$ cat protein_36.pdb   # PDB, C-alpha atoms
ATOM      1  CA  ASP A  99     -13.694  -4.538  -0.977
ATOM      2  CA  SER A 100     -10.252  -3.703  -2.361
ATOM      3  CA  GLY A 101      -9.861  -6.949  -4.297
ATOM      4  CA  VAL A 102      -6.813  -7.937  -2.230
ATOM      5  CA  THR A 103      -7.325 -11.024  -0.112
ATOM      6  CA  GLN A 104      -5.320 -12.138   2.875
ATOM      7  CA  THR A 105      -5.463 -15.374   4.797
ATOM      8  CA  PRO A 106      -5.808 -16.208   7.556
ATOM      9  CA  LYS A 107      -7.650 -13.321   9.162
ATOM     10  CA  HIS A 108      -6.427 -14.195  12.626
ATOM     11  CA  LEU A 109      -3.510 -16.305  13.789
ATOM     12  CA  ILE A 110      -2.584 -17.210  17.348
ATOM     13  CA  THR A 111       0.659 -19.025  17.932
ATOM     14  CA  ALA A 112       3.384 -19.517  20.500
ATOM     15  CA  THR A 113       6.834 -18.012  20.775
ATOM     16  CA  GLY A 114       9.445 -19.813  18.721
ATOM     17  CA  GLN A 115       6.971 -20.997  16.117
ATOM     18  CA  ARG A 116       6.841 -20.268  12.385
ATOM     19  CA  VAL A 117       3.832 -18.999  10.428
ATOM     20  CA  THR A 118       3.002 -18.179   6.831
ATOM     21  CA  LEU A 119       0.739 -15.333   5.811
ATOM     22  CA  ARG A 120      -0.760 -15.382   2.361
ATOM     23  CA  CYS A 121      -1.785 -12.558   0.050
ATOM     24  CA  SER A 122      -3.567 -12.600  -3.294
ATOM     25  CA  PRO A 123      -3.259  -9.283  -5.146
ATOM     26  CA  ARG A 124      -5.948  -7.652  -7.234
ATOM     27  CA  SER A 125      -6.383  -9.206 -10.622
ATOM     28  CA  GLY A 126      -3.700  -7.852 -12.942
ATOM     29  CA  ASP A 127      -1.573  -6.192 -10.253
ATOM     30  CA  LEU A 128       2.082  -7.133 -10.498
ATOM     31  CA  SER A 129       3.419  -5.434  -7.383
ATOM     32  CA  VAL A 130       2.883  -6.646  -3.823
ATOM     33  CA  TYR A 131       3.887  -4.788  -0.666
ATOM     34  CA  TRP A 132       3.925  -6.066   2.913
ATOM     35  CA  TYR A 133       3.433  -3.742   5.883
ATOM     36  CA  GLN A 134       3.393  -4.322   9.624
ATOM     37  CA  GLN A 135       1.142  -2.311  11.932
ATOM     38  CA  SER A 136       1.910  -2.408  15.650
ATOM     39  CA  LEU A 137       1.174  -0.132  18.568
ATOM     40  CA  ASP A 138       4.894   0.559  19.136
ATOM     41  CA  GLN A 139       6.085   1.100  15.583
ATOM     42  CA  GLY A 140       2.959   2.176  13.748
ATOM     43  CA  LEU A 141       2.680   1.221  10.082
ATOM     44  CA  GLN A 142       6.000   0.109   8.630
ATOM     45  CA  PHE A 143       6.979  -1.094   5.188
ATOM     46  CA  LEU A 144       8.551  -4.537   5.211
ATOM     47  CA  ILE A 145       9.208  -5.691   1.661
ATOM     48  CA  GLN A 146       8.040  -5.353  -1.927
ATOM     49  CA  TYR A 147       7.906  -7.731  -4.857
ATOM     50  CA  TYR A 148       7.245  -6.985  -8.485
ATOM     51  CA  ASN A 149       6.407  -9.771 -10.904
ATOM     52  CA  GLY A 150       8.192 -12.351  -8.789
ATOM     53  CA  GLU A 151      11.302 -10.341  -7.969
ATOM     54  CA  GLU A 152      12.186  -8.572  -4.745
ATOM     55  CA  ARG A 153      12.413  -4.839  -5.442
ATOM     56  CA  ALA A 154      12.616  -3.019  -2.129
ATOM     57  CA  LYS A 155      13.269  -3.900   1.465
ATOM     58  CA  GLY A 156      12.341  -1.951   4.558
ATOM     59  CA  ASN A 157      12.678  -2.718   8.240
ATOM     60  CA  ILE A 158      12.231  -6.440   7.807
ATOM     61  CA  LEU A 159      13.836  -8.714  10.370
ATOM     62  CA  GLU A 160      16.144 -11.510   9.241
ATOM     63  CA  ARG A 161      13.678 -13.968  10.787
ATOM     64  CA  PHE A 162      11.112 -12.815   8.232
ATOM     65  CA  SER A 163      11.125 -13.670   4.552
ATOM     66  CA  ALA A 164       8.757 -13.370   1.652
ATOM     67  CA  GLN A 165       8.291 -14.490  -1.900
ATOM     68  CA  GLN A 166       5.998 -13.900  -4.825
ATOM     69  CA  PHE A 167       4.953 -16.882  -6.885
ATOM     70  CA  PRO A 168       4.361 -17.160 -10.660
ATOM     71  CA  ASP A 169       0.617 -16.712 -10.134
ATOM     72  CA  LEU A 170       1.541 -13.440  -8.355
ATOM     73  CA  HIS A 171       0.291 -14.385  -4.923
ATOM     74  CA  SER A 172       2.732 -13.683  -2.142
ATOM     75  CA  GLU A 173       3.613 -15.272   1.162
ATOM     76  CA  LEU A 174       5.261 -13.716   4.201
ATOM     77  CA  ASN A 175       7.062 -16.212   6.411
ATOM     78  CA  LEU A 176       7.733 -15.324  10.021
ATOM     79  CA  SER A 177       9.944 -17.639  12.052
ATOM     80  CA  SER A 178      11.301 -17.903  15.605
ATOM     81  CA  LEU A 179       8.382 -15.760  16.635
ATOM     82  CA  GLU A 180       8.681 -13.403  19.572
ATOM     83  CA  LEU A 181       6.017 -11.620  21.592
ATOM     84  CA  GLY A 182       6.972  -8.393  19.866
ATOM     85  CA  ASP A 183       6.001  -9.807  16.489
ATOM     86  CA  SER A 184       2.349  -9.575  17.466
ATOM     87  CA  ALA A 185       0.867  -7.115  14.993
ATOM     88  CA  LEU A 186      -1.462  -6.608  12.084
ATOM     89  CA  TYR A 187       0.212  -7.535   8.797
ATOM     90  CA  PHE A 188      -1.116  -5.895   5.662
ATOM     91  CA  CYS A 189      -0.556  -6.764   2.076
ATOM     92  CA  ALA A 190      -1.106  -4.172  -0.634
ATOM     93  CA  SER A 191      -0.968  -4.476  -4.386
ATOM     94  CA  SER A 192      -0.537  -2.061  -7.245
ATOM     95  CA  ALA A 193      -0.442  -2.282 -11.001
ATOM     96  CA  GLY A 194       3.110  -1.038 -11.411
ATOM     97  CA  LEU A 195       6.235   0.302  -9.819
ATOM     98  CA  ALA A 196       6.452   3.974 -10.565
ATOM     99  CA  GLY A 197       6.291   5.548  -7.146
ATOM    100  CA  GLY A 198       2.909   6.879  -6.209
ATOM    101  CA  LEU A 199       1.549   6.878  -9.735
ATOM    102  CA  TYR A 200      -0.081   3.541  -9.063
ATOM    103  CA  GLU A 201      -2.472   3.352  -6.160
ATOM    104  CA  GLN A 202      -1.799   0.713  -3.543
ATOM    105  CA  TYR A 203      -4.858  -1.299  -2.612
ATOM    106  CA  PHE A 204      -4.736  -2.787   0.872
ATOM    107  CA  GLY A 205      -6.069  -6.099   2.021
ATOM    108  CA  PRO A 206      -7.973  -6.525   5.304
ATOM    109  CA  GLY A 207      -4.865  -7.730   7.124
ATOM    110  CA  THR A 208      -3.840 -10.736   9.184
ATOM    111  CA  ARG A 209      -3.810 -10.224  12.920
ATOM    112  CA  LEU A 210      -0.971 -12.225  14.458
ATOM    113  CA  THR A 211      -0.925 -12.852  18.181
ATOM    114  CA  VAL A 212       2.154 -14.499  19.664
ATOM    115  CA  THR A 213       1.656 -15.914  23.164
TER     116      THR A 213
ATOM    117  CA  ALA B  51      15.131   9.341   4.077
ATOM    118  CA  GLN B  52      11.511  10.328   4.089
ATOM    119  CA  SER B  53       9.394  10.907   7.152
ATOM    120  CA  VAL B  54       5.897  12.019   8.039
ATOM    121  CA  THR B  55       4.676  13.747  11.172
ATOM    122  CA  GLN B  56       1.006  13.923  12.031
ATOM    123  CA  LEU B  57       0.265  16.535  14.634
ATOM    124  CA  GLY B  58      -2.231  15.252  17.149
ATOM    125  CA  SER B  59      -2.820  11.562  17.728
ATOM    126  CA  HIS B  60      -6.461  12.283  18.609
ATOM    127  CA  VAL B  61      -8.795  14.916  17.174
ATOM    128  CA  SER B  62     -12.345  15.367  18.377
ATOM    129  CA  VAL B  63     -14.976  17.423  16.542
ATOM    130  CA  SER B  64     -18.726  17.896  16.668
ATOM    131  CA  GLU B  65     -20.909  16.680  13.846
ATOM    132  CA  GLY B  66     -21.101  19.437  11.233
ATOM    133  CA  ALA B  67     -17.856  21.073  12.329
ATOM    134  CA  LEU B  68     -14.726  21.516  10.253
ATOM    135  CA  VAL B  69     -12.273  18.625  10.240
ATOM    136  CA  LEU B  70      -8.575  19.528  10.076
ATOM    137  CA  LEU B  71      -5.934  16.811  10.333
ATOM    138  CA  ARG B  72      -2.357  18.000  10.117
ATOM    139  CA  CYS B  73       0.501  16.356   8.255
ATOM    140  CA  ASN B  74       4.055  17.530   7.661
ATOM    141  CA  TYR B  75       6.558  15.595   5.615
ATOM    142  CA  SER B  76      10.257  15.449   4.989
ATOM    143  CA  SER B  77      11.598  14.304   1.644
ATOM    144  CA  SER B  78      14.796  14.883  -0.290
ATOM    145  CA  VAL B  79      12.982  14.488  -3.600
ATOM    146  CA  PRO B  80       9.632  15.840  -4.786
ATOM    147  CA  PRO B  81       7.203  13.670  -2.909
ATOM    148  CA  TYR B  82       4.001  11.890  -3.677
ATOM    149  CA  LEU B  83       1.625  12.385  -0.754
ATOM    150  CA  PHE B  84      -1.365  10.370   0.366
ATOM    151  CA  TRP B  85      -4.097  10.258   2.953
ATOM    152  CA  TYR B  86      -5.526   6.885   3.927
ATOM    153  CA  VAL B  87      -8.427   6.066   6.247
ATOM    154  CA  GLN B  88      -8.711   2.963   8.394
ATOM    155  CA  TYR B  89     -12.032   1.946   9.898
ATOM    156  CA  PRO B  90     -11.999  -0.480  12.842
ATOM    157  CA  ASN B  91     -10.971  -3.997  11.857
ATOM    158  CA  GLN B  92     -10.475  -3.026   8.235
ATOM    159  CA  GLY B  93      -7.618  -2.341   5.861
ATOM    160  CA  LEU B  94      -6.560   1.067   4.620
ATOM    161  CA  GLN B  95      -8.535   2.927   1.998
ATOM    162  CA  LEU B  96      -7.088   5.721  -0.101
ATOM    163  CA  LEU B  97      -8.839   9.053   0.447
ATOM    164  CA  LEU B  98      -6.758  11.179  -1.900
ATOM    165  CA  LYS B  99      -3.296  11.659  -3.316
ATOM    166  CA  TYR B 100      -1.026  14.374  -4.636
ATOM    167  CA  THR B 101       1.472  13.557  -7.347
ATOM    168  CA  THR B 102       1.974  16.609  -9.543
ATOM    169  CA  GLY B 103      -0.090  19.501 -10.815
ATOM    170  CA  ALA B 104      -2.854  21.180  -8.860
ATOM    171  CA  THR B 105      -1.898  21.546  -5.228
ATOM    172  CA  LEU B 106      -5.467  21.338  -3.932
ATOM    173  CA  VAL B 107      -6.551  17.748  -4.201
ATOM    174  CA  LYS B 108     -10.100  16.502  -3.771
ATOM    175  CA  GLY B 109     -10.810  13.015  -2.577
ATOM    176  CA  ILE B 110     -13.649  10.754  -1.617
ATOM    177  CA  ASN B 111     -16.279  11.450   1.050
ATOM    178  CA  GLY B 112     -15.862  15.227   0.766
ATOM    179  CA  PHE B 113     -12.244  15.342   1.942
ATOM    180  CA  GLU B 114      -9.579  17.518   0.376
ATOM    181  CA  ALA B 115      -5.943  18.337   1.053
ATOM    182  CA  GLU B 116      -3.569  21.061  -0.029
ATOM    183  CA  PHE B 117       0.096  20.486  -0.833
ATOM    184  CA  LYS B 118       2.185  23.408   0.433
ATOM    185  CA  LYS B 119       5.788  22.935  -0.559
ATOM    186  CA  SER B 120       7.052  25.968   1.363
ATOM    187  CA  GLU B 121       5.527  24.593   4.566
ATOM    188  CA  THR B 122       6.198  20.908   3.727
ATOM    189  CA  SER B 123       2.605  20.255   4.679
ATOM    190  CA  PHE B 124      -0.322  18.258   3.354
ATOM    191  CA  HIS B 125      -3.190  18.905   5.752
ATOM    192  CA  LEU B 126      -6.508  17.095   5.317
ATOM    193  CA  THR B 127      -9.778  18.981   5.649
ATOM    194  CA  LYS B 128     -13.495  18.415   5.409
ATOM    195  CA  PRO B 129     -15.945  21.309   5.810
ATOM    196  CA  SER B 130     -18.586  19.389   7.747
ATOM    197  CA  ALA B 131     -17.934  16.254   9.783
ATOM    198  CA  HIS B 132     -20.270  13.274   9.715
ATOM    199  CA  MET B 133     -20.533  10.557  12.329
ATOM    200  CA  SER B 134     -19.381   8.106   9.659
ATOM    201  CA  ASP B 135     -16.035   9.950   9.404
ATOM    202  CA  ALA B 136     -14.937   8.550  12.766
ATOM    203  CA  ALA B 137     -11.864   6.472  11.966
ATOM    204  CA  GLU B 138      -8.080   6.587  12.018
ATOM    205  CA  TYR B 139      -6.382   8.642   9.330
ATOM    206  CA  PHE B 140      -2.870   8.155   8.035
ATOM    207  CA  CYS B 141      -0.739  10.523   6.014
ATOM    208  CA  ALA B 142       1.928   8.866   3.851
ATOM    209  CA  VAL B 143       4.731   9.830   1.495
ATOM    210  CA  SER B 144       6.473   7.957  -1.280
ATOM    211  CA  ASP B 145       9.219   8.631  -3.779
ATOM    212  CA  ASN B 146       8.220   9.921  -7.154
ATOM    213  CA  ALA B 147       9.150   8.107 -10.328
ATOM    214  CA  GLY B 148      12.892   7.683 -10.514
ATOM    215  CA  GLY B 149      13.309   7.009  -6.823
ATOM    216  CA  THR B 150      14.622   3.677  -5.685
ATOM    217  CA  SER B 151      11.927   2.895  -3.170
ATOM    218  CA  TYR B 152       9.575   1.674  -5.885
ATOM    219  CA  GLY B 153       6.554   3.222  -4.323
ATOM    220  CA  LYS B 154       6.906   2.038  -0.751
ATOM    221  CA  LEU B 155       4.861   4.201   1.576
ATOM    222  CA  THR B 156       6.216   5.847   4.700
ATOM    223  CA  PHE B 157       3.349   6.504   7.084
ATOM    224  CA  GLY B 158       2.743   8.944   9.875
ATOM    225  CA  GLN B 159       1.671   7.673  13.270
ATOM    226  CA  GLY B 160      -2.004   8.192  12.541
ATOM    227  CA  THR B 161      -4.719  10.471  13.903
ATOM    228  CA  ILE B 162      -7.863   9.064  15.448
ATOM    229  CA  LEU B 163     -10.845  11.231  14.574
ATOM    230  CA  THR B 164     -13.814  11.178  16.940
ATOM    231  CA  VAL B 165     -17.067  12.835  15.883
ATOM    232  CA  HIS B 166     -19.558  13.830  18.587
ATOM    233  CA  PRO B 167     -23.287  14.215  17.917
TER     234      PRO B 167
END
$ encode --input "protein_36.pdb" --output "structure tokens"
Amino acid sequence: DSGVTQTPKHLITATGQRVTLRCSPRSGDLSVYWYQQSLDQGLQFLIQYYNGEERAKGNILERFSAQQFPDLHSELNLSSLELGDSALYFCASSAGLAGGLYEQYFGPGTRLTVT
Amino acid sequence: AQSVTQLGSHVSVSEGALVLLRCNYSSSVPPYLFWYVQYPNQGLQLLLKYTTGATLVKGINGFEAEFKKSETSFHLTKPSAHMSDAAEYFCAVSDNAGGTSYGKLTFGQGTILTVHP
């Protein structure tokens, strides 16, 4: 158990809908990362927050957004869903920012299926 | 931009045999390098990492990896495979301190390791 929790574990929804994925980082970790794992694209970095502020953005679609709240949990919002958005979404947390000096701990993921 | 190439999407070994999973990276700055393992229906777990210093890095479960700058490689090895090692393995790279990516990981495509009795 990494200490990172993600809810829900599974999500099935229809095209065009909007969903929210939730992540609670390890106690004390200030940095949260979101990754998408799909068969086509592999594991890709989406976005990172540190202590409530967005710090880095990867290949995140405009239909996707995220935020980190004062209690440090984070939410990833996916809207106007398409079949191709079906994937496993991981959240990871780390204590700080400095590159690889701080280990990223991964949650169990949320499996999103868009039908 | 950084990138990672894992040679071989599937590797099959016999129990007790040497495990060798290959990883080559591309980075314009000195990289931090990682190997993660993913068991079915689970998240990623860090096996080992290289940041600075000794180029031979030991990790959990008997795995180790060697950073070879001249070959831009970070291959993962284990002398003797166990059935419990069957999983998918990911090599990843991130910027070191001072980069602007703030630690985001760039992953390879993964290698599925199968261990036969």
$ interface_residues --input "protein_36.pdb" --of "chain A" --to "chain B" --cutoff "12 Å" --atoms "only C-alpha atoms" --output "number ranges by chain"
A: 99-104, 107-108, 129-148, 152-157, 186-209
$ resolve_selection --input "protein_36.pdb" --expression "the PyMOL selection byres ((chain A and resi 211) around 10)" --output "ChimeraX atom specification"
/A:108-113,179-186,208-210,212-213
$ resolve_selection --input "protein_36.pdb" --expression "the PyMOL selection byres ((chain A and resi 170) around 7)" --output "JSON, numbers by chain"
{"A": [128, 149, 150, 166, 167, 168, 169, 171, 172]}
$ resolve_selection --input "protein_36.pdb" --expression "the PyMOL selection byres ((chain A and resi 176) around 10)" --output "list in words"
Gly114, Gln115, Arg116, Val117, Thr118, Leu119, Leu159, Glu160, Arg161, Phe162, Ser163, Ala164, Glu173, Leu174, Asn175, Ser177, Ser178, Leu179, Glu180 and Asp183 of chain A
$ atom_distance --input "protein_36.pdb" --atom1 "atom CA of Pro167 of chain B" --atom2 "atom CA of Ala137 of chain B"
15.0 Å
$ residues_around --input "protein_36.pdb" --residues "Thr161 of chain B" --least-positions-apart "3" --cutoff "8 Å" --atoms "all atoms listed in the file" --output "list in words"
Gln56, Leu57, Gly58, Ser59, His60, Val61, Leu71, Glu138, Tyr139 and Phe140 of chain B
$ write_last_selection --input "protein_36.pdb" --atoms "C-alpha atoms" --output "PDB file, in the frame of the given file"
ATOM      1  CA  GLN B  56       1.006  13.923  12.031  1.00  0.00           C
ATOM      2  CA  LEU B  57       0.265  16.535  14.634  1.00  0.00           C
ATOM      3  CA  GLY B  58      -2.231  15.252  17.149  1.00  0.00           C
ATOM      4  CA  SER B  59      -2.820  11.562  17.728  1.00  0.00           C
ATOM      5  CA  HIS B  60      -6.461  12.283  18.609  1.00  0.00           C
ATOM      6  CA  VAL B  61      -8.795  14.916  17.174  1.00  0.00           C
ATOM      7  CA  LEU B  71      -5.934  16.811  10.333  1.00  0.00           C
ATOM      8  CA  GLU B 138      -8.080   6.587  12.018  1.00  0.00           C
ATOM      9  CA  TYR B 139      -6.382   8.642   9.330  1.00  0.00           C
ATOM     10  CA  PHE B 140      -2.870   8.155   8.035  1.00  0.00           C
TER      11      PHE B 140
END
$ closest_residue --input "protein_36.pdb" --among "B:Ser134, B:Ile162, B:Ser62, B:Ala51" --to "Tyr86 of chain B" --atoms "all atoms listed in the file"
B:Ile162
$ axis_aligned_box --input "protein_36.pdb" --around "segment 175-179 of chain A" --padding-each-side "4 Å" --output "JSON"
{"center_x": 9.2, "center_y": -16.6, "center_z": 11.5, "size_x": 12.2, "size_y": 10.6, "size_z": 18.2}
$ closest_residue --input "protein_36.pdb" --among "B:Cys141, B:Leu68, B:Leu97, B:Ile110" --to "Thr55 of chain B" --atoms "only C-alpha atoms"
B:Cys141
$ atom_distance --input "protein_36.pdb" --atom1 "atom CA of Thr105 of chain B" --atom2 "atom CA of Lys118 of chain B"
7.2 Å
$ atom_distance --input "protein_36.pdb" --atom1 "atom CA of Asp127 of chain A" --atom2 "atom CA of Tyr75 of chain B"
28.2 Å
